[in-house]
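Structure data (PDB, C-alpha atoms and all ligand atoms) from run06.pdb:
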ATOM      1  CA  MET A   1    -112.501  61.240  -2.580  1.00  0.00           C
ATOM      2  CA  ALA A   2    -110.822  58.368  -4.255  1.00  0.00           C
ATOM      3  CA  SER A   3    -110.778  58.780  -8.050  1.00  0.00           C
ATOM      4  CA  VAL A   4    -113.822  57.993 -10.198  1.00  0.00           C
ATOM      5  CA  PHE A   5    -111.913  55.048 -11.741  1.00  0.00           C
ATOM      6  CA  SER A   6    -111.597  53.270  -8.420  1.00  0.00           C
ATOM      7  CA  HIS A   7    -115.189  53.876  -7.350  1.00  0.00           C
ATOM      8  CA  VAL A   8    -116.418  52.416 -10.642  1.00  0.00           C
ATOM      9  CA  TYR A   9    -113.921  49.526 -10.656  1.00  0.00           C
ATOM     10  CA  ILE A  10    -114.985  48.377  -7.178  1.00  0.00           C
ATOM     11  CA  VAL A  11    -118.597  48.258  -8.403  1.00  0.00           C
ATOM     12  CA  TYR A  12    -117.490  46.214 -11.418  1.00  0.00           C
ATOM     13  CA  GLY A  13    -115.812  43.867  -8.932  1.00  0.00           C
ATOM     14  CA  ILE A  14    -119.003  43.498  -6.865  1.00  0.00           C
ATOM     15  CA  HIS A  15    -120.978  42.931 -10.040  1.00  0.00           C
ATOM     16  CA  SER A  16    -118.678  40.172 -11.310  1.00  0.00           C
ATOM     17  CA  PHE A  17    -120.083  37.887  -8.603  1.00  0.00           C
ATOM     18  CA  LEU A  18    -123.543  38.007 -10.155  1.00  0.00           C
ATOM     19  CA  ALA A  19    -125.247  35.855 -12.741  1.00  0.00           C
ATOM     20  CA  ASN A  20    -125.085  36.812 -16.381  1.00  0.00           C
ATOM     21  CA  HIS A  21    -128.686  37.939 -16.950  1.00  0.00           C
ATOM     22  CA  PRO A  22    -129.685  40.962 -19.132  1.00  0.00           C
ATOM     23  CA  TYR A  23    -131.130  42.903 -16.187  1.00  0.00           C
ATOM     24  CA  TRP A  24    -127.744  42.781 -14.465  1.00  0.00           C
ATOM     25  CA  LYS A  25    -126.327  44.968 -17.236  1.00  0.00           C
ATOM     26  CA  TRP A  26    -128.797  47.696 -16.279  1.00  0.00           C
ATOM     27  CA  CYS A  27    -128.126  47.039 -12.640  1.00  0.00           C
ATOM     28  CA  LEU A  28    -124.404  47.526 -13.338  1.00  0.00           C
ATOM     29  CA  PHE A  29    -125.082  50.777 -15.181  1.00  0.00           C
ATOM     30  CA  PHE A  30    -127.064  52.222 -12.258  1.00  0.00           C
ATOM     31  CA  ALA A  31    -124.523  50.853  -9.773  1.00  0.00           C
ATOM     32  CA  PHE A  32    -121.809  52.835 -11.612  1.00  0.00           C
ATOM     33  CA  VAL A  33    -123.950  55.966 -11.386  1.00  0.00           C
ATOM     34  CA  LEU A  34    -124.700  55.481  -7.672  1.00  0.00           C
ATOM     35  CA  SER A  35    -121.024  54.794  -6.917  1.00  0.00           C
ATOM     36  CA  ILE A  36    -119.993  58.257  -8.106  1.00  0.00           C
ATOM     37  CA  LEU A  37    -123.187  60.181  -7.283  1.00  0.00           C
ATOM     38  CA  PRO A  38    -122.103  61.058  -3.679  1.00  0.00           C
ATOM     39  CA  ASP A  39    -119.377  63.351  -5.052  1.00  0.00           C
ATOM     40  CA  ALA A  40    -122.036  65.550  -6.672  1.00  0.00           C
ATOM     41  CA  ASP A  41    -121.864  67.214  -3.255  1.00  0.00           C
ATOM     42  CA  VAL A  42    -118.679  69.062  -4.332  1.00  0.00           C
ATOM     43  CA  ILE A  43    -121.177  71.602  -5.718  1.00  0.00           C
ATOM     44  CA  GLY A  44    -121.275  72.689  -2.058  1.00  0.00           C
ATOM     45  CA  PHE A  45    -117.788  74.195  -2.450  1.00  0.00           C
ATOM     46  CA  VAL A  46    -119.112  76.352  -5.292  1.00  0.00           C
ATOM     47  CA  ILE A  47    -122.311  77.521  -3.604  1.00  0.00           C
ATOM     48  CA  GLY A  48    -120.658  78.173  -0.235  1.00  0.00           C
ATOM     49  CA  ILE A  49    -121.724  75.211   1.932  1.00  0.00           C
ATOM     50  CA  PRO A  50    -119.024  74.673   4.612  1.00  0.00           C
ATOM     51  CA  TYR A  51    -117.041  71.417   4.181  1.00  0.00           C
ATOM     52  CA  GLY A  52    -117.851  70.358   7.758  1.00  0.00           C
ATOM     53  CA  SER A  53    -121.628  70.865   7.342  1.00  0.00           C
ATOM     54  CA  SER A  54    -123.916  67.841   7.006  1.00  0.00           C
ATOM     55  CA  TRP A  55    -124.650  69.050   3.477  1.00  0.00           C
ATOM     56  CA  GLY A  56    -120.979  69.638   2.688  1.00  0.00           C
ATOM     57  CA  HIS A  57    -118.583  67.273   0.889  1.00  0.00           C
ATOM     58  CA  ARG A  58    -118.514  63.740   2.438  1.00  0.00           C
ATOM     59  CA  GLY A  59    -121.583  64.603   4.537  1.00  0.00           C
ATOM     60  CA  ALA A  60    -125.155  63.351   4.010  1.00  0.00           C
ATOM     61  CA  SER A  61    -124.558  62.191   0.422  1.00  0.00           C
ATOM     62  CA  HIS A  62    -121.849  59.776   1.613  1.00  0.00           C
ATOM     63  CA  SER A  63    -124.029  58.215   4.346  1.00  0.00           C
ATOM     64  CA  ILE A  64    -125.465  54.708   4.422  1.00  0.00           C
ATOM     65  CA  VAL A  65    -129.004  56.136   4.619  1.00  0.00           C
ATOM     66  CA  PHE A  66    -128.458  58.163   1.422  1.00  0.00           C
ATOM     67  CA  SER A  67    -127.171  55.053  -0.419  1.00  0.00           C
ATOM     68  CA  LEU A  68    -130.214  53.032   0.675  1.00  0.00           C
ATOM     69  CA  LEU A  69    -132.558  55.856  -0.363  1.00  0.00           C
ATOM     70  CA  MET A  70    -130.967  56.223  -3.801  1.00  0.00           C
ATOM     71  CA  ALA A  71    -131.078  52.435  -4.338  1.00  0.00           C
ATOM     72  CA  ALA A  72    -134.792  52.486  -3.432  1.00  0.00           C
ATOM     73  CA  VAL A  73    -135.442  55.374  -5.844  1.00  0.00           C
ATOM     74  CA  VAL A  74    -133.656  53.615  -8.736  1.00  0.00           C
ATOM     75  CA  CYS A  75    -135.487  50.322  -8.010  1.00  0.00           C
ATOM     76  CA  SER A  76    -138.874  52.039  -7.947  1.00  0.00           C
ATOM     77  CA  LEU A  77    -138.215  54.031 -11.136  1.00  0.00           C
ATOM     78  CA  PHE A  78    -136.368  51.532 -13.324  1.00  0.00           C
ATOM     79  CA  PHE A  79    -136.929  48.003 -12.016  1.00  0.00           C
ATOM     80  CA  GLN A  80    -140.722  47.873 -11.720  1.00  0.00           C
ATOM     81  CA  PRO A  81    -140.977  44.662 -13.835  1.00  0.00           C
ATOM     82  CA  TYR A  82    -139.267  42.863 -10.938  1.00  0.00           C
ATOM     83  CA  PHE A  83    -141.682  44.054  -8.244  1.00  0.00           C
ATOM     84  CA  LYS A  84    -143.423  40.676  -8.352  1.00  0.00           C
ATOM     85  CA  ARG A  85    -140.106  38.807  -8.169  1.00  0.00           C
ATOM     86  CA  LYS A  86    -139.140  39.832  -4.681  1.00  0.00           C
ATOM     87  CA  ARG A  87    -135.846  37.938  -4.465  1.00  0.00           C
ATOM     88  CA  ARG A  88    -134.587  39.395  -7.744  1.00  0.00           C
ATOM     89  CA  LEU A  89    -135.606  42.890  -6.718  1.00  0.00           C
ATOM     90  CA  ALA A  90    -133.933  42.426  -3.327  1.00  0.00           C
ATOM     91  CA  ALA A  91    -130.698  41.340  -5.057  1.00  0.00           C
ATOM     92  CA  ILE A  92    -130.768  44.441  -7.292  1.00  0.00           C
ATOM     93  CA  PHE A  93    -131.469  46.662  -4.283  1.00  0.00           C
ATOM     94  CA  ILE A  94    -128.546  45.155  -2.348  1.00  0.00           C
ATOM     95  CA  VAL A  95    -126.092  45.629  -5.245  1.00  0.00           C
ATOM     96  CA  LEU A  96    -127.206  49.253  -5.784  1.00  0.00           C
ATOM     97  CA  SER A  97    -126.955  49.983  -2.050  1.00  0.00           C
ATOM     98  CA  LEU A  98    -123.472  48.428  -1.851  1.00  0.00           C
ATOM     99  CA  ALA A  99    -122.380  50.517  -4.839  1.00  0.00           C
ATOM    100  CA  GLY A 100    -123.303  53.720  -2.983  1.00  0.00           C
ATOM    101  CA  ILE A 101    -121.909  52.554   0.370  1.00  0.00           C
ATOM    102  CA  SER A 102    -118.629  51.456  -1.260  1.00  0.00           C
ATOM    103  CA  HIS A 103    -118.037  55.099  -2.208  1.00  0.00           C
ATOM    104  CA  GLY A 104    -117.964  56.238   1.432  1.00  0.00           C
ATOM    105  CA  LEU A 105    -115.855  53.230   2.443  1.00  0.00           C
ATOM    106  CA  LEU A 106    -113.230  54.105  -0.179  1.00  0.00           C
ATOM    107  CA  ASP A 107    -113.207  57.764   0.850  1.00  0.00           C
ATOM    108  CA  ALA A 108    -112.675  56.701   4.472  1.00  0.00           C
ATOM    109  CA  VAL A 109    -109.348  55.065   3.566  1.00  0.00           C
ATOM    110  CA  THR A 110    -107.999  58.172   1.817  1.00  0.00           C
ATOM    111  CA  ASN A 111    -105.375  60.270   3.577  1.00  0.00           C
ATOM    112  CA  GLY A 112    -106.884  63.743   3.183  1.00  0.00           C
ATOM    113  CA  GLY A 113    -109.883  65.983   3.696  1.00  0.00           C
ATOM    114  CA  LEU A 114    -112.571  65.399   6.303  1.00  0.00           C
ATOM    115  CA  GLY A 115    -113.962  62.000   7.238  1.00  0.00           C
ATOM    116  CA  VAL A 116    -117.224  60.444   6.045  1.00  0.00           C
ATOM    117  CA  ALA A 117    -120.603  60.978   7.772  1.00  0.00           C
ATOM    118  CA  PHE A 118    -121.544  57.288   7.464  1.00  0.00           C
ATOM    119  CA  PHE A 119    -124.293  57.445  10.053  1.00  0.00           C
ATOM    120  CA  TRP A 120    -126.036  60.679   9.060  1.00  0.00           C
ATOM    121  CA  PRO A 121    -128.744  61.694  10.051  1.00  0.00           C
ATOM    122  CA  PHE A 122    -128.367  59.843  13.380  1.00  0.00           C
ATOM    123  CA  ASP A 123    -124.756  60.847  13.943  1.00  0.00           C
ATOM    124  CA  THR A 124    -123.012  63.609  11.981  1.00  0.00           C
ATOM    125  CA  THR A 125    -119.498  62.643  13.138  1.00  0.00           C
ATOM    126  CA  ARG A 126    -117.037  62.308  10.233  1.00  0.00           C
ATOM    127  CA  TYR A 127    -115.275  58.951  10.268  1.00  0.00           C
ATOM    128  CA  PHE A 128    -112.026  57.608   8.808  1.00  0.00           C
ATOM    129  CA  PHE A 129    -110.663  54.070   9.053  1.00  0.00           C
ATOM    130  CA  PRO A 130    -107.580  53.702  11.272  1.00  0.00           C
ATOM    131  CA  VAL A 131    -105.448  52.750   8.237  1.00  0.00           C
ATOM    132  CA  ARG A 132    -105.637  55.118   5.256  1.00  0.00           C
ATOM    133  CA  PRO A 133    -103.256  54.056   2.470  1.00  0.00           C
ATOM    134  CA  ILE A 134    -105.067  55.755  -0.442  1.00  0.00           C
ATOM    135  CA  GLU A 135    -103.776  59.134  -1.588  1.00  0.00           C
ATOM    136  CA  VAL A 136    -106.726  61.574  -1.610  1.00  0.00           C
ATOM    137  CA  SER A 137    -107.785  62.444  -5.158  1.00  0.00           C
ATOM    138  CA  PRO A 138    -107.796  66.033  -6.465  1.00  0.00           C
ATOM    139  CA  ILE A 139    -111.256  67.446  -7.184  1.00  0.00           C
ATOM    140  CA  GLY A 140    -110.419  69.361 -10.391  1.00  0.00           C
ATOM    141  CA  VAL A 141    -109.520  67.434 -13.550  1.00  0.00           C
ATOM    142  CA  GLY A 142    -106.537  69.749 -14.268  1.00  0.00           C
ATOM    143  CA  VAL A 143    -104.813  68.916 -10.980  1.00  0.00           C
ATOM    144  CA  PHE A 144    -105.124  65.247 -11.865  1.00  0.00           C
ATOM    145  CA  PHE A 145    -102.410  65.599 -14.521  1.00  0.00           C
ATOM    146  CA  SER A 146     -99.724  66.397 -11.946  1.00  0.00           C
ATOM    147  CA  ASP A 147     -97.406  64.573  -9.518  1.00  0.00           C
ATOM    148  CA  TRP A 148    -100.338  64.415  -7.120  1.00  0.00           C
ATOM    149  CA  GLY A 149    -102.486  62.722  -9.779  1.00  0.00           C
ATOM    150  CA  VAL A 150     -99.742  60.145 -10.426  1.00  0.00           C
ATOM    151  CA  ARG A 151     -99.443  59.420  -6.683  1.00  0.00           C
ATOM    152  CA  VAL A 152    -103.238  58.948  -6.500  1.00  0.00           C
ATOM    153  CA  LEU A 153    -103.285  56.499  -9.418  1.00  0.00           C
ATOM    154  CA  LEU A 154    -100.325  54.534  -8.024  1.00  0.00           C
ATOM    155  CA  SER A 155    -101.842  54.162  -4.553  1.00  0.00           C
ATOM    156  CA  GLU A 156    -105.219  53.172  -6.024  1.00  0.00           C
ATOM    157  CA  LEU A 157    -103.541  50.707  -8.372  1.00  0.00           C
ATOM    158  CA  ILE A 158    -101.798  48.984  -5.459  1.00  0.00           C
ATOM    159  CA  PHE A 159    -104.541  49.094  -2.833  1.00  0.00           C
ATOM    160  CA  ILE A 160    -107.765  48.973  -4.909  1.00  0.00           C
ATOM    161  CA  ILE A 161    -107.360  47.871  -8.531  1.00  0.00           C
ATOM    162  CA  LEU A 162    -104.920  44.992  -7.932  1.00  0.00           C
ATOM    163  CA  PRO A 163    -106.753  43.359  -4.980  1.00  0.00           C
ATOM    164  CA  THR A 164    -110.133  43.735  -6.738  1.00  0.00           C
ATOM    165  CA  THR A 165    -108.690  42.170  -9.911  1.00  0.00           C
ATOM    166  CA  VAL A 166    -107.158  39.280  -7.971  1.00  0.00           C
ATOM    167  CA  ILE A 167    -110.510  38.578  -6.278  1.00  0.00           C
ATOM    168  CA  MET A 168    -112.437  38.800  -9.584  1.00  0.00           C
ATOM    169  CA  VAL A 169    -110.021  36.519 -11.460  1.00  0.00           C
ATOM    170  CA  GLY A 170    -109.916  34.120  -8.489  1.00  0.00           C
ATOM    171  CA  TRP A 171    -113.721  33.950  -8.509  1.00  0.00           C
ATOM    172  CA  LYS A 172    -113.800  33.280 -12.286  1.00  0.00           C
ATOM    173  CA  ILE A 173    -111.231  30.469 -11.934  1.00  0.00           C
ATOM    174  CA  TYR A 174    -113.154  28.995  -8.965  1.00  0.00           C
ATOM    175  CA  LYS A 175    -116.392  29.015 -11.022  1.00  0.00           C
ATOM    176  CA  LYS A 176    -114.648  27.317 -13.971  1.00  0.00           C
ATOM    177  CA  ILE A 177    -113.154  24.613 -11.742  1.00  0.00           C
ATOM    178  CA  THR A 178    -116.395  23.892  -9.865  1.00  0.00           C
ATOM    179  CA  LYS A 179    -118.593  23.896 -13.009  1.00  0.00           C
TER     180      LYS A 179
HETATM  181 ZN    ZN A 201    -116.612  61.066  -2.107  1.00  0.00          ZN
END

For the structure just supplied, provide its representation as structure tokens.
Ligand SMILES: [Zn+2]
Amino acid sequence: MASVFSHVYIVYGIHSFLANHPYWKWCLFFAFVLSILPDADVIGFVIGIPYGSSWGHRGASHSIVFSLLMAAVVCSLFFQPYFKRKRRLAAIFIVLSLAGISHGLLDAVTNGGLGVAFFWPFDTTRYFFPVRPIEVSPIGVGVFFSDWGVRVLLSELIFIILPTTVIMVGWKIYKKITK
């Protein structure tokens, strides 16, 4: 995995493109949750599920289908008032889905572990992108405060946080100019 900070920051970046309406704050909250939810699968290491299994780390929970399902569940449980406003609901659904999918995309540019089962349940192959500049993040918190943790933060700062910030600030400036 990439670190929790990067998963959440990417979602904040996606969200910055949206209008400033109260429901977006809740949408952002759930997007944060869905962006880190896939890594709940590390429980598999504890209960003995093999890493390479579909139910192992970076398996089903990191797939596009899982992200779409979770977005649908959150929409149906927490965004019922928007059921009659189809376009608004669709926008929320898309943001929540992207939040989940962005998790797998980030993991697929890390340099360690197994790849991501993007296309589960249709294809259980684990995929990486050809270029993988992000240092894979340790799973335990303790290991994070080590040389490895510093390398992870540096690589994420250069390849995730900085580009996302540049895009967000660029978008804000563009909106100000074109107002
Ligand atoms: Zn992950």

(request) Specify as JSON, numbers by chain each residue included when the PyMOL selection byres (((chain A and resi 123-140) around 8) and not hetatm) is applied to this file. (result) {"A": [1, 2, 3, 54, 59, 107, 108, 109, 110, 111, 112, 113, 114, 115, 116, 117, 118, 119, 120, 121, 122, 141, 142, 143, 144, 148, 149, 151, 152, 155, 156, 159]}

Hey, which residues come within 8 Å of ligand ZN 201 (chain A) if we count all atoms listed in the file? Could you give them as an mmCIF file with C-alpha atoms, keeping the file's coordinate frame?
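Everything below was put into out_36.cif:
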data_model
loop_
_atom_site.group_PDB
_atom_site.id
_atom_site.type_symbol
_atom_site.label_atom_id
_atom_site.label_comp_id
_atom_site.auth_asym_id
_atom_site.auth_seq_id
_atom_site.Cartn_x
_atom_site.Cartn_y
_atom_site.Cartn_z
ATOM 1 C CA MET A 1 -112.501 61.240 -2.580
ATOM 2 C CA ALA A 2 -110.822 58.368 -4.255
ATOM 3 C CA ILE A 36 -119.993 58.257 -8.106
ATOM 4 C CA PRO A 38 -122.103 61.058 -3.679
ATOM 5 C CA ASP A 39 -119.377 63.351 -5.052
ATOM 6 C CA HIS A 57 -118.583 67.273 0.889
ATOM 7 C CA ARG A 58 -118.514 63.740 2.438
ATOM 8 C CA HIS A 62 -121.849 59.776 1.613
ATOM 9 C CA HIS A 103 -118.037 55.099 -2.208
ATOM 10 C CA GLY A 104 -117.964 56.238 1.432
ATOM 11 C CA LEU A 106 -113.230 54.105 -0.179
ATOM 12 C CA ASP A 107 -113.207 57.764 0.850
#

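Using all atoms listed in the file for every distance, the candidate list A:Trp171, A:Phe66, A:Tyr12, A:Phe79 yields A:Tyr12 as the residue closest to Ala31 in chain A.
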
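Between CA of Met70 in chain A and CA of Pro163 in chain A lies a distance of 27.4 Å.
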
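Separating CA of Phe78 in chain A from CA of Tyr9 in chain A is a distance of 22.7 Å.
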
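Between CA of Val33 in chain A and CA of Tyr82 in chain A there is a distance of 20.2 Å.
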
(request) Report the residues retrieved by the PyMOL selection byres (((chain A and resi 93) around 12) and not hetatm) from the displayed file, expressed as JSON, numbers by chain. (result) {"A": [24, 27, 28, 30, 31, 34, 67, 68, 69, 70, 71, 72, 73, 74, 75, 76, 78, 79, 80, 82, 83, 86, 87, 88, 89, 90, 91, 92, 94, 95, 96, 97, 98, 99, 100]}

To test the calculation: enclose all listed atoms of range 96-105 of chain A in a box whose edges run along x, y and z, add 8 Å on each side, then state centre and edge lengths in Å to one decimal, as JSON.
{"center_x": -121.5, "center_y": 52.3, "center_z": -1.7, "size_x": 27.4, "size_y": 23.8, "size_z": 24.2}

(message) Taking 3 positions as the minimum chain separation for residues in the same chain, which residues sit within 10 Å of Ile167 in chain A when counting all atoms listed in the file? Answer as number ranges by chain.
(response) A: 13-14, 16-17, 162-164, 170-173

(request) List the neighbours of Ser102 in chain A out to 8 Å using only C-alpha atoms; skip same-chain residues closer than 5 positions along the sequence, and give me the result as a ChimeraX atom specification. (result) /A:7,10-11,35

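Of the residues listed (A:Asp147, A:Ile43, A:Val65, A:Lys25), A:Val65 shows the shortest atom-to-atom separation from Ile101 in chain A; distances use all atoms listed in the file.
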
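Each of A:Phe29, A:Phe145, A:Tyr23, A:Trp55 was checked against Asp41 in chain A using all atoms listed in the file; the smallest atom-to-atom distance is that of A:Trp55.
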
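Here the question is which of A:Ile161, A:Leu18, A:Leu37, A:Val4 gets nearest to Ser61 in chain A using all atoms listed in the file, and that residue is A:Leu37.
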